[in-house]
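Shown next: run-v1.pdb, given as PDB, C-alpha atoms and all ligand atoms.
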ATOM      1  CA  MET A1203     -15.980  18.842  18.837  1.00  0.00           C
ATOM      2  CA  LYS A1204     -18.846  17.760  21.058  1.00  0.00           C
ATOM      3  CA  ILE A1205     -18.353  14.193  22.218  1.00  0.00           C
ATOM      4  CA  THR A1206     -21.630  12.317  22.236  1.00  0.00           C
ATOM      5  CA  ASN A1207     -20.245   8.802  22.210  1.00  0.00           C
ATOM      6  CA  ALA A1208     -16.906   7.187  22.972  1.00  0.00           C
ATOM      7  CA  GLU A1209     -16.339   3.491  23.335  1.00  0.00           C
ATOM      8  CA  PHE A1210     -13.565   0.949  23.453  1.00  0.00           C
ATOM      9  CA  ILE A1211     -13.923  -1.424  20.495  1.00  0.00           C
ATOM     10  CA  ILE A1212     -11.073  -3.949  20.407  1.00  0.00           C
ATOM     11  CA  SER A1213      -7.465  -4.697  21.244  1.00  0.00           C
ATOM     12  CA  ALA A1214      -6.333  -5.939  17.865  1.00  0.00           C
ATOM     13  CA  VAL A1215      -3.211  -7.919  17.037  1.00  0.00           C
ATOM     14  CA  GLN A1216      -4.086  -9.294  13.608  1.00  0.00           C
ATOM     15  CA  PRO A1217      -5.332  -7.143  10.723  1.00  0.00           C
ATOM     16  CA  HIS A1218      -8.516  -9.218  10.416  1.00  0.00           C
ATOM     17  CA  GLN A1219      -9.466  -7.879  13.856  1.00  0.00           C
ATOM     18  CA  TYR A1220      -9.322  -4.252  12.725  1.00  0.00           C
ATOM     19  CA  PRO A1221     -12.744  -2.626  12.321  1.00  0.00           C
ATOM     20  CA  SER A1222     -14.274  -3.016   8.877  1.00  0.00           C
ATOM     21  CA  ASP A1223     -16.591  -0.004   8.786  1.00  0.00           C
ATOM     22  CA  ALA A1224     -14.015   2.223   7.035  1.00  0.00           C
ATOM     23  CA  LEU A1225     -14.200   5.167   9.449  1.00  0.00           C
ATOM     24  CA  PRO A1226     -11.110   7.397   9.454  1.00  0.00           C
ATOM     25  CA  GLU A1227      -8.398   6.417  11.928  1.00  0.00           C
ATOM     26  CA  ILE A1228      -6.067   8.637  13.961  1.00  0.00           C
ATOM     27  CA  ALA A1229      -3.157   6.713  15.483  1.00  0.00           C
ATOM     28  CA  LEU A1230      -1.038   7.706  18.474  1.00  0.00           C
ATOM     29  CA  ALA A1231       2.610   6.718  18.541  1.00  0.00           C
ATOM     30  CA  GLY A1232       5.208   7.534  21.146  1.00  0.00           C
ATOM     31  CA  ARG A1233       7.415   6.234  23.886  1.00  0.00           C
ATOM     32  CA  SER A1234       5.991   4.244  26.702  1.00  0.00           C
ATOM     33  CA  ASN A1235       4.606   6.450  29.478  1.00  0.00           C
ATOM     34  CA  VAL A1236       4.695   9.594  27.373  1.00  0.00           C
ATOM     35  CA  GLY A1237       0.971  10.187  27.834  1.00  0.00           C
ATOM     36  CA  LYS A1238      -0.778   8.726  24.749  1.00  0.00           C
ATOM     37  CA  SER A1239      -3.719   7.197  26.596  1.00  0.00           C
ATOM     38  CA  SER A1240      -4.103  10.282  28.794  1.00  0.00           C
ATOM     39  CA  LEU A1241      -4.218  12.414  25.662  1.00  0.00           C
ATOM     40  CA  ILE A1242      -7.084  10.340  24.251  1.00  0.00           C
ATOM     41  CA  ASN A1243      -8.959  10.585  27.542  1.00  0.00           C
ATOM     42  CA  LYS A1244      -8.498  14.355  27.604  1.00  0.00           C
ATOM     43  CA  LEU A1245      -9.604  14.788  24.001  1.00  0.00           C
ATOM     44  CA  ILE A1246     -12.843  12.947  24.648  1.00  0.00           C
ATOM     45  CA  LEU A1247     -13.253  14.241  28.216  1.00  0.00           C
ATOM     46  CA  ARG A1248     -13.504  10.784  29.746  1.00  0.00           C
ATOM     47  CA  LYS A1249     -11.445  10.069  32.822  1.00  0.00           C
ATOM     48  CA  ASN A1250     -10.437   6.553  32.040  1.00  0.00           C
ATOM     49  CA  LEU A1251     -11.674   5.157  28.754  1.00  0.00           C
ATOM     50  CA  ALA A1252      -8.198   4.670  27.328  1.00  0.00           C
ATOM     51  CA  ARG A1253      -6.230   2.654  29.816  1.00  0.00           C
ATOM     52  CA  THR A1254      -3.383   4.596  31.333  1.00  0.00           C
ATOM     53  CA  SER A1255      -0.380   2.540  32.235  1.00  0.00           C
ATOM     54  CA  SER A1256       0.067   0.558  35.299  1.00  0.00           C
ATOM     55  CA  GLN A1257       2.162  -1.872  33.276  1.00  0.00           C
ATOM     56  CA  PRO A1258       4.232   0.143  30.832  1.00  0.00           C
ATOM     57  CA  GLY A1259       5.251  -1.606  27.651  1.00  0.00           C
ATOM     58  CA  LYS A1260       2.891  -4.469  28.194  1.00  0.00           C
ATOM     59  CA  THR A1261       0.148  -3.558  25.778  1.00  0.00           C
ATOM     60  CA  GLN A1262       1.217  -5.250  22.564  1.00  0.00           C
ATOM     61  CA  GLN A1263      -1.997  -4.573  20.707  1.00  0.00           C
ATOM     62  CA  LEU A1264      -3.595  -1.746  18.829  1.00  0.00           C
ATOM     63  CA  ASN A1265      -6.373  -0.422  21.029  1.00  0.00           C
ATOM     64  CA  TYR A1266      -9.298   0.948  19.033  1.00  0.00           C
ATOM     65  CA  TYR A1267     -11.647   3.594  20.432  1.00  0.00           C
ATOM     66  CA  ARG A1268     -14.613   4.774  18.382  1.00  0.00           C
ATOM     67  CA  ILE A1269     -15.659   8.402  18.835  1.00  0.00           C
ATOM     68  CA  ASN A1270     -19.106   9.732  17.868  1.00  0.00           C
ATOM     69  CA  GLU A1271     -19.439   6.933  15.290  1.00  0.00           C
ATOM     70  CA  ALA A1272     -17.223   9.244  13.218  1.00  0.00           C
ATOM     71  CA  LEU A1273     -13.606   8.222  13.756  1.00  0.00           C
ATOM     72  CA  TYR A1274     -11.298   5.836  15.591  1.00  0.00           C
ATOM     73  CA  PHE A1275      -8.393   6.576  17.844  1.00  0.00           C
ATOM     74  CA  VAL A1276      -5.814   3.821  17.546  1.00  0.00           C
ATOM     75  CA  ASP A1277      -3.630   3.754  20.636  1.00  0.00           C
ATOM     76  CA  PHE A1278      -0.285   2.135  19.770  1.00  0.00           C
ATOM     77  CA  PRO A1279       1.735   0.306  22.373  1.00  0.00           C
ATOM     78  CA  GLY A1280       4.512   2.579  23.593  1.00  0.00           C
ATOM     79  CA  TYR A1281       8.045   1.915  22.397  1.00  0.00           C
ATOM     80  CA  GLY A1282      11.360   2.177  24.157  1.00  0.00           C
ATOM     81  CA  TYR A1283      10.437   0.382  27.323  1.00  0.00           C
ATOM     82  CA  ALA A1284      13.630  -1.235  28.565  1.00  0.00           C
ATOM     83  CA  LYS A1285      12.164  -4.426  29.991  1.00  0.00           C
ATOM     84  CA  VAL A1286      10.570  -5.552  26.742  1.00  0.00           C
ATOM     85  CA  SER A1287      12.365  -8.541  25.200  1.00  0.00           C
ATOM     86  CA  LYS A1288      13.934  -8.477  21.758  1.00  0.00           C
ATOM     87  CA  THR A1289      11.285 -10.861  20.452  1.00  0.00           C
ATOM     88  CA  GLU A1290       8.499  -8.631  21.740  1.00  0.00           C
ATOM     89  CA  ARG A1291      10.148  -5.578  20.238  1.00  0.00           C
ATOM     90  CA  GLU A1292      10.393  -7.280  16.863  1.00  0.00           C
ATOM     91  CA  ALA A1293       6.747  -8.341  17.040  1.00  0.00           C
ATOM     92  CA  TRP A1294       5.856  -4.728  17.831  1.00  0.00           C
ATOM     93  CA  GLY A1295       7.847  -3.476  14.843  1.00  0.00           C
ATOM     94  CA  LYS A1296       6.187  -5.917  12.451  1.00  0.00           C
ATOM     95  CA  MET A1297       2.694  -5.106  13.655  1.00  0.00           C
ATOM     96  CA  ILE A1298       3.213  -1.345  13.443  1.00  0.00           C
ATOM     97  CA  GLU A1299       4.961  -1.470  10.091  1.00  0.00           C
ATOM     98  CA  ARG A1300       2.201  -3.588   8.572  1.00  0.00           C
ATOM     99  CA  TYR A1301      -0.428  -1.226   9.943  1.00  0.00           C
ATOM    100  CA  LEU A1302       1.326   1.933   8.747  1.00  0.00           C
ATOM    101  CA  GLN A1303       2.038   0.557   5.294  1.00  0.00           C
ATOM    102  CA  ASN A1304      -1.337  -0.938   4.536  1.00  0.00           C
ATOM    103  CA  ARG A1305      -4.060   0.767   6.486  1.00  0.00           C
ATOM    104  CA  GLU A1306      -6.039   2.926   4.091  1.00  0.00           C
ATOM    105  CA  GLU A1307      -8.264   4.261   6.865  1.00  0.00           C
ATOM    106  CA  LEU A1308      -5.241   5.836   8.581  1.00  0.00           C
ATOM    107  CA  LYS A1309      -5.511   9.604   8.132  1.00  0.00           C
ATOM    108  CA  LEU A1310      -3.048  10.975  10.665  1.00  0.00           C
ATOM    109  CA  VAL A1311      -0.469   9.865  13.213  1.00  0.00           C
ATOM    110  CA  LEU A1312       0.016  11.868  16.379  1.00  0.00           C
ATOM    111  CA  LEU A1313       3.677  11.558  17.317  1.00  0.00           C
ATOM    112  CA  VAL A1314       3.520  12.130  21.053  1.00  0.00           C
ATOM    113  CA  ILE A1315       6.651  13.515  22.731  1.00  0.00           C
ATOM    114  CA  ASP A1316       7.264  14.509  26.342  1.00  0.00           C
ATOM    115  CA  ILE A1317       8.067  18.236  26.111  1.00  0.00           C
ATOM    116  CA  ARG A1318      10.597  17.925  28.913  1.00  0.00           C
ATOM    117  CA  HIS A1319      12.961  15.583  27.060  1.00  0.00           C
ATOM    118  CA  ASP A1320      14.695  15.516  23.726  1.00  0.00           C
ATOM    119  CA  PRO A1321      13.122  12.984  21.373  1.00  0.00           C
ATOM    120  CA  SER A1322      14.717   9.527  21.605  1.00  0.00           C
ATOM    121  CA  LYS A1323      16.296   7.522  18.793  1.00  0.00           C
ATOM    122  CA  ASP A1324      13.019   5.629  18.504  1.00  0.00           C
ATOM    123  CA  ASP A1325      11.113   8.901  18.108  1.00  0.00           C
ATOM    124  CA  VAL A1326      13.461   9.929  15.314  1.00  0.00           C
ATOM    125  CA  LEU A1327      13.016   6.522  13.645  1.00  0.00           C
ATOM    126  CA  MET A1328       9.240   6.825  13.877  1.00  0.00           C
ATOM    127  CA  PHE A1329       9.355  10.362  12.482  1.00  0.00           C
ATOM    128  CA  ASN A1330      11.480   9.210   9.542  1.00  0.00           C
ATOM    129  CA  TRP A1331       9.308   6.165   8.981  1.00  0.00           C
ATOM    130  CA  LEU A1332       6.175   8.310   8.751  1.00  0.00           C
ATOM    131  CA  LYS A1333       7.895  10.674   6.353  1.00  0.00           C
ATOM    132  CA  HIS A1334       9.117   7.754   4.258  1.00  0.00           C
ATOM    133  CA  PHE A1335       5.617   6.278   3.944  1.00  0.00           C
ATOM    134  CA  GLY A1336       4.121   9.735   3.338  1.00  0.00           C
ATOM    135  CA  ILE A1337       1.766   9.448   6.290  1.00  0.00           C
ATOM    136  CA  PRO A1338       0.436  12.772   7.566  1.00  0.00           C
ATOM    137  CA  MET A1339       1.547  13.477  11.099  1.00  0.00           C
ATOM    138  CA  CYS A1340       1.213  16.007  13.854  1.00  0.00           C
ATOM    139  CA  ILE A1341       3.836  16.230  16.575  1.00  0.00           C
ATOM    140  CA  VAL A1342       2.210  16.611  19.989  1.00  0.00           C
ATOM    141  CA  CYS A1343       4.418  17.861  22.807  1.00  0.00           C
ATOM    142  CA  THR A1344       2.606  16.820  25.918  1.00  0.00           C
ATOM    143  CA  LYS A1345       3.043  17.294  29.679  1.00  0.00           C
ATOM    144  CA  ALA A1346       3.427  21.040  28.999  1.00  0.00           C
ATOM    145  CA  ASP A1347       2.216  21.685  32.549  1.00  0.00           C
ATOM    146  CA  LYS A1348       5.457  20.134  33.802  1.00  0.00           C
ATOM    147  CA  ILE A1349       7.676  22.993  32.639  1.00  0.00           C
ATOM    148  CA  PRO A1350       7.276  26.758  33.030  1.00  0.00           C
ATOM    149  CA  LYS A1351       5.661  28.652  30.193  1.00  0.00           C
ATOM    150  CA  SER A1352       8.861  30.651  29.682  1.00  0.00           C
ATOM    151  CA  LYS A1353      10.603  27.450  28.535  1.00  0.00           C
ATOM    152  CA  TRP A1354       7.986  26.163  26.094  1.00  0.00           C
ATOM    153  CA  ASP A1355       9.504  27.747  23.002  1.00  0.00           C
ATOM    154  CA  LYS A1356      12.985  26.520  23.774  1.00  0.00           C
ATOM    155  CA  HIS A1357      11.759  22.955  24.289  1.00  0.00           C
ATOM    156  CA  LYS A1358       9.574  23.000  21.178  1.00  0.00           C
ATOM    157  CA  LYS A1359      12.579  24.104  19.174  1.00  0.00           C
ATOM    158  CA  ALA A1360      14.734  21.331  20.625  1.00  0.00           C
ATOM    159  CA  VAL A1361      12.070  18.758  19.708  1.00  0.00           C
ATOM    160  CA  ARG A1362      11.935  19.982  16.106  1.00  0.00           C
ATOM    161  CA  THR A1363      15.722  20.074  15.803  1.00  0.00           C
ATOM    162  CA  THR A1364      16.268  16.556  17.157  1.00  0.00           C
ATOM    163  CA  LEU A1365      13.517  15.077  14.984  1.00  0.00           C
ATOM    164  CA  GLY A1366      14.694  16.940  11.904  1.00  0.00           C
ATOM    165  CA  ALA A1367      11.275  18.561  11.560  1.00  0.00           C
ATOM    166  CA  THR A1368      10.746  21.889   9.801  1.00  0.00           C
ATOM    167  CA  SER A1369       8.324  24.686  10.554  1.00  0.00           C
ATOM    168  CA  LYS A1370       5.992  23.037   8.014  1.00  0.00           C
ATOM    169  CA  ASP A1371       5.537  20.024  10.293  1.00  0.00           C
ATOM    170  CA  ALA A1372       2.540  20.621  12.541  1.00  0.00           C
ATOM    171  CA  LEU A1373       3.287  20.744  16.259  1.00  0.00           C
ATOM    172  CA  VAL A1374       0.794  21.200  19.061  1.00  0.00           C
ATOM    173  CA  LEU A1375       1.625  21.888  22.675  1.00  0.00           C
ATOM    174  CA  PHE A1376      -0.617  19.847  24.951  1.00  0.00           C
ATOM    175  CA  SER A1377      -1.368  19.018  28.555  1.00  0.00           C
ATOM    176  CA  SER A1378      -3.659  16.227  29.666  1.00  0.00           C
ATOM    177  CA  GLU A1379      -3.561  17.803  33.086  1.00  0.00           C
ATOM    178  CA  THR A1380      -4.857  21.275  32.153  1.00  0.00           C
ATOM    179  CA  GLY A1381      -6.496  20.583  28.787  1.00  0.00           C
ATOM    180  CA  MET A1382      -4.185  23.009  27.044  1.00  0.00           C
ATOM    181  CA  GLY A1383      -4.044  22.405  23.273  1.00  0.00           C
ATOM    182  CA  ARG A1384      -7.253  20.404  23.221  1.00  0.00           C
ATOM    183  CA  GLU A1385      -9.214  22.670  20.873  1.00  0.00           C
ATOM    184  CA  GLU A1386      -6.238  23.235  18.602  1.00  0.00           C
ATOM    185  CA  LEU A1387      -5.639  19.504  18.305  1.00  0.00           C
ATOM    186  CA  TRP A1388      -9.304  18.763  17.600  1.00  0.00           C
ATOM    187  CA  ASP A1389      -9.145  21.238  14.705  1.00  0.00           C
ATOM    188  CA  VAL A1390      -6.184  19.325  13.255  1.00  0.00           C
ATOM    189  CA  LEU A1391      -7.907  15.962  13.762  1.00  0.00           C
ATOM    190  CA  ALA A1392     -11.223  17.060  12.285  1.00  0.00           C
ATOM    191  CA  GLN A1393      -9.502  18.402   9.217  1.00  0.00           C
ATOM    192  CA  SER A1394      -7.393  15.271   8.711  1.00  0.00           C
ATOM    193  CA  ALA A1395     -10.338  12.949   9.246  1.00  0.00           C
ATOM    194  CA  GLY A1396     -12.606  15.059   7.062  1.00  0.00           C
ATOM    195  CA  ILE A1397     -15.313  15.364   9.708  1.00  0.00           C
TER     196      ILE A1397
HETATM  197  P1  LIG A1401       1.985   3.362  27.478  1.00  0.00           P
HETATM  198  O1  LIG A1401       0.573   2.888  27.278  1.00  0.00           O
HETATM  199  O2  LIG A1401       2.759   2.540  28.446  1.00  0.00           O
HETATM  200  O3  LIG A1401       2.709   3.517  26.202  1.00  0.00           O
HETATM  201  O4  LIG A1401       1.896   4.845  28.168  1.00  0.00           O
HETATM  202  P2  LIG A1401       1.092   6.122  27.641  1.00  0.00           P
HETATM  203  O5  LIG A1401       1.897   6.833  26.623  1.00  0.00           O
HETATM  204  O6  LIG A1401      -0.285   5.741  27.254  1.00  0.00           O
HETATM  205  O7  LIG A1401       1.076   7.071  28.944  1.00  0.00           O
HETATM  206  P3  LIG A1401      -0.136   7.325  29.974  1.00  0.00           P
HETATM  207  O8  LIG A1401      -1.228   8.088  29.315  1.00  0.00           O
HETATM  208  O9  LIG A1401      -0.489   6.045  30.605  1.00  0.00           O
HETATM  209  O10 LIG A1401       0.554   8.325  31.013  1.00  0.00           O
HETATM  210  C1  LIG A1401       1.691   7.969  31.775  1.00  0.00           C
HETATM  211  C2  LIG A1401       1.767   8.807  33.037  1.00  0.00           C
HETATM  212  O11 LIG A1401       1.969  10.184  32.722  1.00  0.00           O
HETATM  213  C3  LIG A1401       0.497   8.756  33.881  1.00  0.00           C
HETATM  214  O12 LIG A1401       0.865   8.736  35.231  1.00  0.00           O
HETATM  215  C4  LIG A1401      -0.221  10.054  33.544  1.00  0.00           C
HETATM  216  O13 LIG A1401      -1.045  10.530  34.561  1.00  0.00           O
HETATM  217  C5  LIG A1401       0.956  10.996  33.288  1.00  0.00           C
HETATM  218  N1  LIG A1401       0.607  12.065  32.306  1.00  0.00           N
HETATM  219  C6  LIG A1401       0.179  11.891  31.047  1.00  0.00           C
HETATM  220  N2  LIG A1401      -0.018  13.068  30.411  1.00  0.00           N
HETATM  221  C7  LIG A1401       0.284  14.038  31.305  1.00  0.00           C
HETATM  222  C8  LIG A1401       0.275  15.487  31.242  1.00  0.00           C
HETATM  223  O14 LIG A1401      -0.049  16.127  30.244  1.00  0.00           O
HETATM  224  N3  LIG A1401       0.680  16.137  32.383  1.00  0.00           N
HETATM  225  C9  LIG A1401       1.053  15.488  33.516  1.00  0.00           C
HETATM  226  N4  LIG A1401       1.444  16.223  34.567  1.00  0.00           N
HETATM  227  N5  LIG A1401       1.069  14.129  33.602  1.00  0.00           N
HETATM  228  C10 LIG A1401       0.688  13.407  32.517  1.00  0.00           C
HETATM  229 MG    MG A1402      -1.150   3.827  26.985  1.00  0.00          MG
END

Produce structure tokens that represent the structure in this file.
Ligand code: GTP
Ligand code: MG
Amino acid sequence: MKITNAEFIISAVQPHQYPSDALPEIALAGRSNVGKSSLINKLILRKNLARTSSQPGKTQQLNYYRINEALYFVDFPGYGYAKVSKTEREAWGKMIERYLQNREELKLVLLVIDIRHDPSKDDVLMFNWLKHFGIPMCIVCTKADKIPKSKWDKHKKAVRTTLGATSKDALVLFSSETGMGREELWDVLAQSAGI
């Protein structure tokens, strides 16, 4: 995928703020600090379009990025950040649930997991939620550069087992540092978005 245009569109809280041009949307869900924004930046080869965290857990909006006038990346606020209050967490849950249940433009969710760690309870909940709503997903194990190649398979297996995923669930190994997995992931995205 040749990137000719990538721009930040809006940080949306309310559905009426979501874009209305009906382009396909690819959302990124995952724990805070797992590397969602870095993954977007790497996919589009821009250093800093998607904001990478200086304040983890503080972005309580859906950040929309439009790529090549062809699709949107929707960067979800990360979950599982300890310092977020119960009220904020509930607001997060409502916003995400409403989006996942109602957004027709949503074509795929990237469930972003740090390859080094077993998925958290929140990751498992998100996985089950996506399954329940029948939303297509691709598991992305990122930060692959942080562990030796000889351990990739073992960690991938652990991620699948903890999530309850089968070999039919797509999983891509990725690194925002080295660019590993970039082409493979673009193939998945292009197919899901129909572009
Ligand atoms: P929230 O917006 O708080 O949910 O975080 P996020 O999931 O968007 O994570 P972000 O992209 O901001 O990355 C968090 C930290 O991990 C940053 O310091 C990144 O540089 C680092 N990071 C992200 N991806 C990778 C990767 O593939 N490899 C390495 N080595 N570091 C990474
Ligand atoms: Mg982020």

| query | Using all atoms listed in the file, which residues sit within 7 Å of A:Ile1341 once same-chain residues fewer than 4 positions away are excluded, as a list in words? | reply | Leu1312, Leu1313, Val1314, Ala1372, Leu1373 and Val1374 of chain A

| message | Neighbouring residues of ligand LIG 1401 (chain A) are defined here as those with any atom at most 6 Å from a ligand atom, counting all atoms listed in the file; list them as a list in words. | response |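 Answer in the requested format: Arg1233, Ser1234, Asn1235, Val1236, Gly1237, Lys1238, Ser1239, Ser1240, Thr1254, Ser1255, Pro1258, Gly1259, Pro1279, Gly1280, Thr1344, Lys1345, Asp1347, Lys1348, Ser1377, Ser1378 and Glu1379 of chain A.
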
| Top pick for closest residue to ligand MG 1402 (chain A), considering A:Ile1397, A:Ile1211, A:Ala1252, A:Val1311 and counting all atoms listed in the file |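 When distances to ligand MG 1402 (chain A) are compared using all atoms listed in the file, the smallest one comes from A:Ala1252.
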
| message | Report, in Å to a single decimal, how far apart atom CA of A:Gly1383 and atom CA of A:Glu1299 are. | response |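 Atom-to-atom, atom CA of A:Glu1299 to atom CA of A:Gly1383, that is 28.7 Å.
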
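Distance-wise, atom CA of A:Asn1207 and atom CA of A:Leu1251 end up 11.4 Å apart.
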
| Between atom CA of A:Gln1263 and atom CA of A:Val1215, what is the spacing in Å? |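 A separation of 5.1 Å between them.
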
| query | So, counting all atoms listed in the file, which residue among A:Glu1209, A:Glu1227, A:Asp1277, A:Glu1306 is closest to ligand MG 1402 (chain A)? | reply | A:Asp1277

| task | Find the residues near A:Ser1369: any atom within 12 Å, counting only C-alpha atoms, skip ones fewer than 5 places away on the same chain, and give them as an NGL selection string. | result | :A and (1340-1341 or 1358-1359 or 1361-1363 or 1374)

| message | Tell me which residues come within 7 Å of (-10.0, 0.8, 25.9), as JSON, numbers by chain, counting all atoms listed in the file in the file's coordinates. | response | {"A": [1210, 1251, 1252, 1253, 1265, 1266, 1267]}

| task | Go through the shown structure with the PyMOL selection byres (((chain A and resi 1271) around 9) and not hetatm) and write out the matching residues as number ranges by chain. | result | A: 1207-1208, 1225, 1268-1270, 1272-1274

| query | Near A:Glu1307, counting all atoms listed in the file, which residues have an atom at most 12 Å away, once you skip same-chain residues fewer than 5 positions from it, shown as number ranges by chain? | reply | A: 1220-1229, 1273-1276, 1301-1302, 1337, 1394-1396

Hey, can you spit out that residue selection with C-alpha atoms as a tab-separated table (two decimals), in the frame of the given file?
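Output file result-v5.tsv follows:
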chain	number	residue	atom	x	y	z
A	1220	TYR	CA	-9.32	-4.25	12.72
A	1221	PRO	CA	-12.74	-2.63	12.32
A	1222	SER	CA	-14.27	-3.02	8.88
A	1223	ASP	CA	-16.59	0.00	8.79
A	1224	ALA	CA	-14.02	2.22	7.04
A	1225	LEU	CA	-14.20	5.17	9.45
A	1226	PRO	CA	-11.11	7.40	9.45
A	1227	GLU	CA	-8.40	6.42	11.93
A	1228	ILE	CA	-6.07	8.64	13.96
A	1229	ALA	CA	-3.16	6.71	15.48
A	1273	LEU	CA	-13.61	8.22	13.76
A	1274	TYR	CA	-11.30	5.84	15.59
A	1275	PHE	CA	-8.39	6.58	17.84
A	1276	VAL	CA	-5.81	3.82	17.55
A	1301	TYR	CA	-0.43	-1.23	9.94
A	1302	LEU	CA	1.33	1.93	8.75
A	1337	ILE	CA	1.77	9.45	6.29
A	1394	SER	CA	-7.39	15.27	8.71
A	1395	ALA	CA	-10.34	12.95	9.25
A	1396	GLY	CA	-12.61	15.06	7.06

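Nearest to A:Asp1389 of all the residues A:Asn1304, A:Ala1214, A:Thr1368, A:Leu1245 is A:Leu1245, counting all atoms listed in the file.
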
| field | Counting all atoms listed in the file, the option among A:Val1342, A:Leu1264, A:Leu1387, A:Leu1375 closest to ligand MG 1402 (chain A) | value | A:Leu1264

| With all atoms listed in the file as the basis for distance, which of A:Phe1376, A:Gln1262, A:Trp1331, A:Ile1349 is at the shortest distance from ligand MG 1402 (chain A)? |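 Answer, going by the shortest atom-to-atom distance: A:Gln1262.
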
Reconstruct N, CA and C atoms of stretch 1337-1348 of chain A; output as a short mmCIF file (atom, residue, chain, number, x, y, z; two decimals), keeping the file's coordinate frame.
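Saved result, result-v1.cif, follows:
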data_model
loop_
_atom_site.label_atom_id
_atom_site.label_comp_id
_atom_site.auth_asym_id
_atom_site.auth_seq_id
_atom_site.Cartn_x
_atom_site.Cartn_y
_atom_site.Cartn_z
N ILE A 1337 2.94 9.42 5.42
CA ILE A 1337 1.77 9.45 6.29
C ILE A 1337 1.70 10.80 7.00
N PRO A 1338 0.56 11.49 6.89
CA PRO A 1338 0.44 12.77 7.57
C PRO A 1338 0.63 12.62 9.07
N MET A 1339 1.32 13.57 9.65
CA MET A 1339 1.55 13.48 11.10
C MET A 1339 1.44 14.84 11.76
N CYS A 1340 1.17 14.80 13.04
CA CYS A 1340 1.21 16.01 13.85
C CYS A 1340 2.02 15.66 15.10
N ILE A 1341 3.04 16.44 15.36
CA ILE A 1341 3.84 16.23 16.58
C ILE A 1341 3.05 16.84 17.74
N VAL A 1342 2.89 16.07 18.81
CA VAL A 1342 2.21 16.61 19.99
C VAL A 1342 3.20 16.58 21.15
N CYS A 1343 3.54 17.77 21.64
CA CYS A 1343 4.42 17.86 22.81
C CYS A 1343 3.53 17.94 24.04
N THR A 1344 3.52 16.86 24.79
CA THR A 1344 2.61 16.82 25.92
C THR A 1344 3.33 17.03 27.25
N LYS A 1345 2.55 17.01 28.32
CA LYS A 1345 3.04 17.29 29.68
C LYS A 1345 3.58 18.72 29.79
N ALA A 1346 2.98 19.64 29.00
CA ALA A 1346 3.43 21.04 29.00
C ALA A 1346 3.31 21.66 30.39
N ASP A 1347 2.38 21.15 31.19
CA ASP A 1347 2.22 21.68 32.55
C ASP A 1347 3.43 21.42 33.43
N LYS A 1348 4.30 20.51 32.98
CA LYS A 1348 5.46 20.13 33.80
C LYS A 1348 6.64 21.09 33.68
#
